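> Below is the file query_21.txt, with compact mmCIF, C-alpha atoms.
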```txt
# COMPACT_ATOMS: atom_id res chain seq x y z
CA MET U 16 -5.98 -13.84 -5.56
CA SER U 17 -4.64 -13.97 -2.06
CA TYR U 18 -3.30 -10.97 -0.25
CA PHE U 19 -1.84 -9.73 3.00
CA ALA U 20 -3.23 -6.40 4.17
CA ALA U 21 -2.56 -4.55 7.40
CA VAL U 22 -3.20 -1.14 8.86
CA LEU U 23 -0.24 0.47 10.61
CA ALA U 24 -0.83 3.62 12.64
CA ARG U 25 1.47 5.90 14.57
CA THR U 26 -0.09 6.67 17.91
CA GLY U 27 1.16 8.60 20.92
CA ALA U 28 2.74 5.36 22.19
CA GLY U 29 4.42 4.48 18.88
CA TRP U 30 3.35 2.27 15.99
CA THR U 31 0.51 -0.21 16.26
CA GLY U 32 -1.03 -2.49 13.68
CA GLU U 33 -3.74 -4.94 12.78
CA GLU U 34 -4.24 -7.34 9.88
CA LEU U 35 -7.24 -6.41 7.73
CA ASP U 36 -9.76 -8.40 5.73
CA LEU U 37 -10.79 -6.11 2.88
CA ASP U 38 -13.69 -8.26 1.64
CA GLY U 39 -16.27 -6.06 3.38
CA VAL U 40 -14.71 -2.76 2.33
CA GLU U 41 -16.74 -1.36 -0.56
CA ASP U 42 -14.67 1.60 -1.71
CA LEU U 43 -11.71 3.85 -0.99
CA ASP U 44 -13.79 6.21 1.16
CA ALA U 45 -14.87 3.33 3.41
CA LEU U 46 -11.25 2.20 3.71
CA ALA U 47 -10.14 5.75 4.56
CA ASP U 48 -12.79 5.88 7.30
CA LEU U 49 -11.52 2.57 8.66
CA LEU U 50 -7.95 3.90 8.70
CA ARG U 51 -9.07 7.12 10.44
CA ASP U 52 -10.93 5.09 13.07
CA PHE U 53 -7.83 3.01 13.70
CA LEU U 54 -5.74 6.17 14.01
CA GLY U 55 -8.03 7.68 16.64
CA GLU U 56 -6.44 10.74 18.24
CA GLY U 57 -2.89 9.65 17.42
CA PRO U 58 -0.49 11.89 15.53
CA GLY U 59 -0.64 9.63 12.48
CA PRO U 60 -0.34 8.66 9.83
CA ALA U 61 -2.39 5.52 9.33
CA LEU U 62 -1.21 3.31 6.47
CA LEU U 63 -2.72 0.39 4.66
CA VAL U 64 0.05 -1.88 3.41
CA LEU U 65 -0.98 -4.58 0.99
CA GLU U 66 0.83 -7.17 -1.08
CA GLU U 67 -1.01 -9.49 -3.40
CA ASP U 68 0.24 -12.83 -4.75
CA ASP U 69 3.87 -11.67 -4.86
CA GLU U 70 2.84 -9.54 -7.85
CA HIS U 71 2.22 -6.01 -6.62
CA LEU U 72 1.86 -3.84 -3.56
CA ALA U 73 -0.46 -1.04 -2.60
CA LEU U 74 -0.17 1.71 -0.02
CA VAL U 75 -2.95 3.96 1.25
CA ARG U 76 -2.28 6.79 3.70
CA VAL U 77 -4.52 9.03 5.76
CA ASP U 78 -3.22 11.70 8.10
CA SER U 79 -4.73 13.11 11.25
CA GLY U 80 -6.08 16.64 11.32
CA VAL U 81 -8.59 18.58 9.31
CA GLY U 82 -7.85 18.93 5.62
CA LEU U 83 -5.20 16.22 5.64
CA SER U 84 -7.51 13.24 5.69
CA GLU U 85 -7.95 12.64 1.96
CA PRO U 86 -6.55 9.19 1.23
CA ARG U 87 -3.33 9.05 -0.75
CA VAL U 88 -2.85 5.91 -2.84
CA PHE U 89 0.14 4.24 -4.49
CA LEU U 90 0.11 1.03 -6.57
CA SER U 91 3.36 -0.58 -7.65
CA ASP U 92 1.79 -1.67 -10.96
CA ARG U 93 -1.29 -0.17 -12.60
CA ARG U 94 -1.99 -3.47 -14.38
CA ALA U 95 -3.06 -4.91 -11.02
CA ILE U 96 -6.30 -2.97 -11.43
CA GLN U 97 -7.38 -5.40 -14.15
CA GLY U 98 -6.87 -8.62 -12.22
CA SER U 99 -7.48 -7.61 -8.63
CA GLU U 100 -10.75 -6.47 -7.11
CA VAL U 101 -8.81 -5.00 -4.19
CA ALA U 102 -6.48 -2.97 -6.43
CA ALA U 103 -9.45 -1.81 -8.52
CA MET U 104 -11.25 -0.67 -5.35
CA LEU U 105 -8.17 1.27 -4.24
CA TRP U 106 -7.66 2.91 -7.62
CA GLU U 107 -10.90 4.63 -8.52
CA GLU U 108 -10.08 5.60 -12.08
CA ALA U 109 -11.20 4.33 -15.45
CA PRO U 110 -10.11 0.77 -16.24
CA VAL U 111 -6.68 0.40 -17.76
CA GLU U 112 -6.53 -0.91 -21.31
CA ALA U 113 -4.91 -4.32 -21.59
CA GLU U 114 -1.76 -4.42 -23.66
CA ASP U 115 -0.68 -7.50 -25.56
CA ASP U 116 2.75 -8.72 -24.60
CA GLU U 117 4.57 -9.86 -27.70
CA ASP U 118 7.08 -11.94 -25.75
CA GLU U 119 5.09 -14.59 -23.96
CA GLY U 120 6.73 -15.80 -20.80
CA THR U 121 8.43 -12.47 -20.25
CA ARG U 122 7.20 -10.35 -17.41
CA PRO U 123 6.54 -6.78 -18.54
CA ILE U 124 7.95 -3.86 -16.62
CA ALA U 125 5.72 -2.64 -13.79
CA GLU U 126 4.01 0.72 -14.17
CA PRO U 127 3.68 2.39 -10.74
CA VAL U 128 0.81 4.85 -10.33
CA GLY U 129 -0.40 7.17 -7.63
CA ASP U 130 1.30 9.29 -5.01
CA SER U 131 4.87 8.01 -4.88
CA SER U 132 5.76 10.68 -2.29
CA LEU U 133 3.29 9.44 0.35
CA LEU U 134 6.12 8.02 2.50
CA ALA U 135 8.66 10.82 2.00
CA ASP U 136 8.32 12.05 5.60
CA LEU U 137 8.68 8.44 6.82
CA GLY U 138 12.11 7.84 5.30
CA THR U 139 11.28 6.84 1.71
CA PRO U 140 11.36 9.64 -0.87
CA ALA U 141 9.39 9.17 -4.10
CA ASP U 142 12.45 8.21 -6.15
CA ASP U 143 13.44 5.55 -3.61
CA LEU U 144 9.93 4.06 -3.59
CA LEU U 145 9.92 3.82 -7.38
CA GLU U 146 13.41 2.28 -7.41
CA LEU U 147 12.41 -0.33 -4.82
CA CYS U 148 9.33 -1.28 -6.83
CA ALA U 149 11.43 -1.63 -10.01
CA GLU U 150 14.29 -3.62 -8.45
CA GLU U 151 14.48 -7.00 -10.14
CA GLY U 152 14.07 -9.95 -7.79
CA LEU U 153 12.63 -7.88 -4.95
CA LEU U 154 9.18 -9.17 -3.98
CA PRO U 155 6.39 -6.83 -2.84
CA ALA U 156 6.69 -8.26 0.69
CA ASP U 157 10.39 -7.34 0.69
CA VAL U 158 9.59 -3.81 -0.45
CA LEU U 159 7.02 -3.43 2.34
CA THR U 160 9.57 -4.65 4.89
CA THR U 161 12.10 -2.09 3.65
CA LEU U 162 9.52 0.71 3.75
CA CYS U 163 8.49 -0.22 7.28
CA GLU U 164 12.13 -0.44 8.42
CA ARG U 165 12.65 3.12 7.22
CA ALA U 166 9.45 4.30 8.93
CA GLY U 167 10.29 2.52 12.18
CA CYS U 168 7.36 0.08 12.17
CA ASP U 169 8.95 -3.09 10.78
CA ASP U 170 8.60 -4.90 14.13
CA VAL U 171 4.82 -4.32 14.05
CA LEU U 172 4.60 -5.57 10.46
CA GLU U 173 6.62 -8.71 11.29
CA GLN U 174 4.40 -9.49 14.29
CA LEU U 175 1.32 -9.27 12.07
CA ARG U 176 2.85 -11.51 9.41
CA GLU U 177 3.79 -14.12 11.99
CA ALA U 178 0.33 -14.17 13.61
```
Written as structure tokens, how would this file's structure read?


Amino acid sequence: MSYFAAVLARTGAGWTGEELDLDGVEDLDALADLLRDFLGEGPGPALLVLEEDDEHLALVRVDSGVGLSEPRVFLSDRRAIQGSEVAAMLWEEAPVEAEDDEDEGTRPIAEPVGDSSLLADLGTPADDLLELCAEEGLLPADVLTTLCERAGCDDVLEQLREA
């Protein structure tokens, strides 16, 4: 599977970002450390935004300050854990049981999991995030663009995509 992953961090000078290669990241704790390092002394947060094969998106957030640094994770579809090493690494829970789809050729409804409120203070309440993920015809890249527009970092995301 191919993916686009980037870290976006709010610093004292505004938002900054960098595209990430997650091949060397072993687990969620290592990713959280990477996000914290990127954040530095900035006010935060640091976000991993990921979209994979136009199928699903993932968000990971760490905040600055003591006690706030536990990573918060959201996946737009829990089934991604089965087919994606990256999604499985981000979601450190027991494997999800595969369900047989009776209607072949029909795409089943996505099942978002995780902390859907992780962007509430950045302009996207939990209900809005879930609605965006469920909107028919809206690709994960489009959802990420909308989320970043609301947070004020869409220009950074677009620069990374164009690079």

> Would you compute, for all listed atoms of segment 34-48 of chain U, the axis-aligned bounding box grown by 8 Å on each side, and then report its centre and edge lengths in Å rounded to one decimal, as lines of an AutoDock Vina configuration file?


```
center_x = -10.5
center_y = -1.1
center_z = 4.1
size_x = 28.5
size_y = 30.6
size_z = 27.6
```

> For Glu151 of chain U, which of U:Cys163, U:Ala28, U:Gly59, U:Ile124 is the closest residue, counting only C-alpha atoms?

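Of the candidates, the smallest distance to Glu151 of chain U is held by U:Ile124.
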
> Just to confirm, what's the straight-line distance from atom CA of Leu65 of chain U to atom CA of Asp136 of chain U in Å (one decimal)?

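Calculated distance between atom CA of Leu65 of chain U and atom CA of Asp136 of chain U is 19.6 Å.
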
> Within 6 Å of Arg76 of chain U, counting all atoms listed in the file, which residues show up once you throw out same-chain ones fewer than 5 positions away? Write them as a VMD selection string, please.

chain U and resid 61 to 62 86 to 87

> Distance atom CA of Ala156 of chain U-atom CA of Glu66 of chain U, one decimal place?

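Straight-line distance from atom CA of Ala156 of chain U to atom CA of Glu66 of chain U works out to 6.2 Å.
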
> Neighbours of Glu100 of chain U within 12 Å (all atoms listed in the file; same-chain residues fewer than 2 positions away dropped), as a list in words?

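The residues satisfying every condition are Met16, Ser17, Tyr18, Leu37, Asp38, Gly39, Val40, Glu41, Asp42, Glu67, Arg94, Ala95, Ile96, Gln97, Gly98, Ala102, Ala103, Met104, Leu105, Trp106, Glu107 and Pro110 of chain U.
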
> Which is closer to Leu63 of chain U than all the others in U:Ala21, U:Val171, U:Leu90, U:Ala178, using only C-alpha atoms?

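Ranked by minimum distance to Leu63 of chain U, first place goes to U:Ala21.
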
> May I have the protein, DNA and RNA residues with any atom at most 6 Å from the point (2.9, 1.2, 1.3), counting all atoms listed in the file, written as a list in words?

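Here the neighbourhood of the point contains Val64, Ala73 and Leu74 of chain U.
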
> Could you tell me how far atom CA of Leu145 of chain U sits from atom CA of Ser132 of chain U, in Å to one decimal place?

9.5 Å

> Compile the contact shell of Glu173 of chain U as a PyMOL selection string: residues with an atom at most 12 Å away, counting all atoms listed in the file, same-chain residues fewer than 6 positions apart removed.

chain U and resi 19+21+23+31-34+156-157+159-161+163-164+167

> Nearest to Ala149 of chain U: which of U:Asp92, U:Glu85, U:Glu177, U:Asp44 is it, counting all atoms listed in the file?

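Closest to Ala149 of chain U of all the choices is U:Asp92.
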
> Find the residue from U:Leu54, U:Leu133, U:Ala141, U:Val22 that sits nearest to Leu175 of chain U; use only C-alpha atoms when measuring.

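Of U:Leu54, U:Leu133, U:Ala141, U:Val22, the one nearest Leu175 of chain U, counting only C-alpha atoms, is U:Val22.
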
> From the block I gave, I'd like segment 70-108 of chain U written with N, CA and C atoms, as an mmCIF file, in the first residue's frame.


```cif
data_model
loop_
_atom_site.group_PDB
_atom_site.id
_atom_site.type_symbol
_atom_site.label_atom_id
_atom_site.label_comp_id
_atom_site.auth_asym_id
_atom_site.auth_seq_id
_atom_site.Cartn_x
_atom_site.Cartn_y
_atom_site.Cartn_z
ATOM 1 N N GLU U 70 -8.154 5.067 0.684
ATOM 2 C CA GLU U 70 -9.060 4.173 1.404
ATOM 3 C C GLU U 70 -9.395 4.661 2.810
ATOM 4 N N HIS U 71 -8.405 5.149 3.521
ATOM 5 C CA HIS U 71 -8.638 5.563 4.903
ATOM 6 C C HIS U 71 -7.631 6.635 5.298
ATOM 7 N N LEU U 72 -7.914 7.268 6.430
ATOM 8 C CA LEU U 72 -6.989 8.243 6.972
ATOM 9 C C LEU U 72 -6.741 7.925 8.433
ATOM 10 N N ALA U 73 -5.622 8.432 8.917
ATOM 11 C CA ALA U 73 -5.274 8.286 10.320
ATOM 12 C C ALA U 73 -4.756 9.617 10.823
ATOM 13 N N LEU U 74 -5.039 9.891 12.084
ATOM 14 C CA LEU U 74 -4.546 11.087 12.756
ATOM 15 C C LEU U 74 -3.943 10.657 14.079
ATOM 16 N N VAL U 75 -2.782 11.210 14.403
ATOM 17 C CA VAL U 75 -2.169 10.995 15.712
ATOM 18 C C VAL U 75 -1.794 12.370 16.237
ATOM 19 N N ARG U 76 -2.091 12.620 17.504
ATOM 20 C CA ARG U 76 -1.819 13.928 18.103
ATOM 21 C C ARG U 76 -1.041 13.762 19.394
ATOM 22 N N VAL U 77 -0.033 14.600 19.565
ATOM 23 C CA VAL U 77 0.624 14.756 20.860
ATOM 24 C C VAL U 77 0.630 16.245 21.180
ATOM 25 N N ASP U 78 0.475 16.548 22.447
ATOM 26 C CA ASP U 78 0.469 17.933 22.908
ATOM 27 C C ASP U 78 1.717 18.209 23.712
ATOM 28 N N SER U 79 2.074 19.485 23.790
ATOM 29 C CA SER U 79 3.218 19.866 24.606
ATOM 30 C C SER U 79 2.790 19.907 26.070
ATOM 31 N N GLY U 80 3.770 19.851 26.944
ATOM 32 C CA GLY U 80 3.486 19.918 28.373
ATOM 33 C C GLY U 80 3.445 18.552 29.024
ATOM 34 N N VAL U 81 3.704 18.554 30.302
ATOM 35 C CA VAL U 81 3.717 17.312 31.073
ATOM 36 C C VAL U 81 2.300 16.806 31.262
ATOM 37 N N GLY U 82 2.123 15.506 31.091
ATOM 38 C CA GLY U 82 0.815 14.891 31.306
ATOM 39 C C GLY U 82 -0.100 14.951 30.096
ATOM 40 N N LEU U 83 0.265 15.728 29.088
ATOM 41 C CA LEU U 83 -0.565 15.843 27.902
ATOM 42 C C LEU U 83 0.048 15.129 26.704
ATOM 43 N N SER U 84 1.128 14.420 26.923
ATOM 44 C CA SER U 84 1.893 13.914 25.792
ATOM 45 C C SER U 84 1.517 12.500 25.345
ATOM 46 N N GLU U 85 0.528 11.882 25.967
ATOM 47 C CA GLU U 85 0.086 10.576 25.489
ATOM 48 C C GLU U 85 -0.496 10.742 24.097
ATOM 49 N N PRO U 86 -0.110 9.904 23.160
ATOM 50 C CA PRO U 86 -0.641 10.051 21.803
ATOM 51 C C PRO U 86 -2.132 9.727 21.739
ATOM 52 N N ARG U 87 -2.846 10.519 20.978
ATOM 53 C CA ARG U 87 -4.265 10.302 20.730
ATOM 54 C C ARG U 87 -4.393 9.898 19.273
ATOM 55 N N VAL U 88 -5.129 8.825 19.006
ATOM 56 C CA VAL U 88 -5.190 8.238 17.675
ATOM 57 C C VAL U 88 -6.632 8.171 17.181
ATOM 58 N N PHE U 89 -6.801 8.440 15.878
ATOM 59 C CA PHE U 89 -8.087 8.279 15.215
ATOM 60 C C PHE U 89 -7.840 7.610 13.869
ATOM 61 N N LEU U 90 -8.627 6.588 13.562
ATOM 62 C CA LEU U 90 -8.606 5.929 12.251
ATOM 63 C C LEU U 90 -10.000 6.049 11.648
ATOM 64 N N SER U 91 -10.058 6.399 10.380
ATOM 65 C CA SER U 91 -11.363 6.577 9.738
ATOM 66 C C SER U 91 -12.077 5.256 9.486
ATOM 67 N N ASP U 92 -11.328 4.135 9.532
ATOM 68 C CA ASP U 92 -11.951 2.834 9.311
ATOM 69 C C ASP U 92 -11.119 1.756 10.008
ATOM 70 N N ARG U 93 -11.690 1.099 10.987
ATOM 71 C CA ARG U 93 -10.960 0.090 11.758
ATOM 72 C C ARG U 93 -10.509 -1.084 10.898
ATOM 73 N N ARG U 94 -11.166 -1.327 9.772
ATOM 74 C CA ARG U 94 -10.769 -2.432 8.902
ATOM 75 C C ARG U 94 -9.391 -2.216 8.282
ATOM 76 N N ALA U 95 -8.914 -0.981 8.289
ATOM 77 C CA ALA U 95 -7.580 -0.696 7.752
ATOM 78 C C ALA U 95 -6.502 -1.435 8.531
ATOM 79 N N ILE U 96 -6.781 -1.767 9.770
ATOM 80 C CA ILE U 96 -5.811 -2.455 10.624
ATOM 81 C C ILE U 96 -5.433 -3.803 10.019
ATOM 82 N N GLN U 97 -6.361 -4.436 9.329
ATOM 83 C CA GLN U 97 -6.110 -5.753 8.744
ATOM 84 C C GLN U 97 -5.198 -5.691 7.530
ATOM 85 N N GLY U 98 -5.319 -4.662 6.712
ATOM 86 C CA GLY U 98 -4.582 -4.633 5.459
ATOM 87 C C GLY U 98 -3.429 -3.666 5.408
ATOM 88 N N SER U 99 -3.180 -2.963 6.487
ATOM 89 C CA SER U 99 -2.155 -1.929 6.483
ATOM 90 C C SER U 99 -1.243 -2.083 7.696
ATOM 91 N N GLU U 100 0.033 -2.270 7.436
ATOM 92 C CA GLU U 100 0.996 -2.346 8.541
ATOM 93 C C GLU U 100 1.056 -1.024 9.298
ATOM 94 N N VAL U 101 0.935 0.078 8.580
ATOM 95 C CA VAL U 101 0.982 1.389 9.228
ATOM 96 C C VAL U 101 -0.225 1.560 10.154
ATOM 97 N N ALA U 102 -1.420 1.261 9.663
ATOM 98 C CA ALA U 102 -2.616 1.387 10.500
ATOM 99 C C ALA U 102 -2.546 0.450 11.701
ATOM 100 N N ALA U 103 -2.046 -0.761 11.498
ATOM 101 C CA ALA U 103 -1.907 -1.710 12.608
ATOM 102 C C ALA U 103 -0.937 -1.186 13.654
ATOM 103 N N MET U 104 0.154 -0.551 13.204
ATOM 104 C CA MET U 104 1.132 0.016 14.139
ATOM 105 C C MET U 104 0.514 1.164 14.939
ATOM 106 N N LEU U 105 -0.331 1.963 14.294
ATOM 107 C CA LEU U 105 -0.961 3.082 14.978
ATOM 108 C C LEU U 105 -2.021 2.637 15.969
ATOM 109 N N TRP U 106 -2.682 1.538 15.654
ATOM 110 C CA TRP U 106 -3.782 1.054 16.494
ATOM 111 C C TRP U 106 -3.317 -0.186 17.223
ATOM 112 N N GLU U 107 -2.852 -0.022 18.418
ATOM 113 C CA GLU U 107 -2.270 -1.135 19.169
ATOM 114 C C GLU U 107 -3.316 -1.867 19.991
ATOM 115 N N GLU U 108 -4.299 -2.440 19.295
ATOM 116 C CA GLU U 108 -5.291 -3.269 19.961
ATOM 117 C C GLU U 108 -5.315 -4.618 19.276
#
```
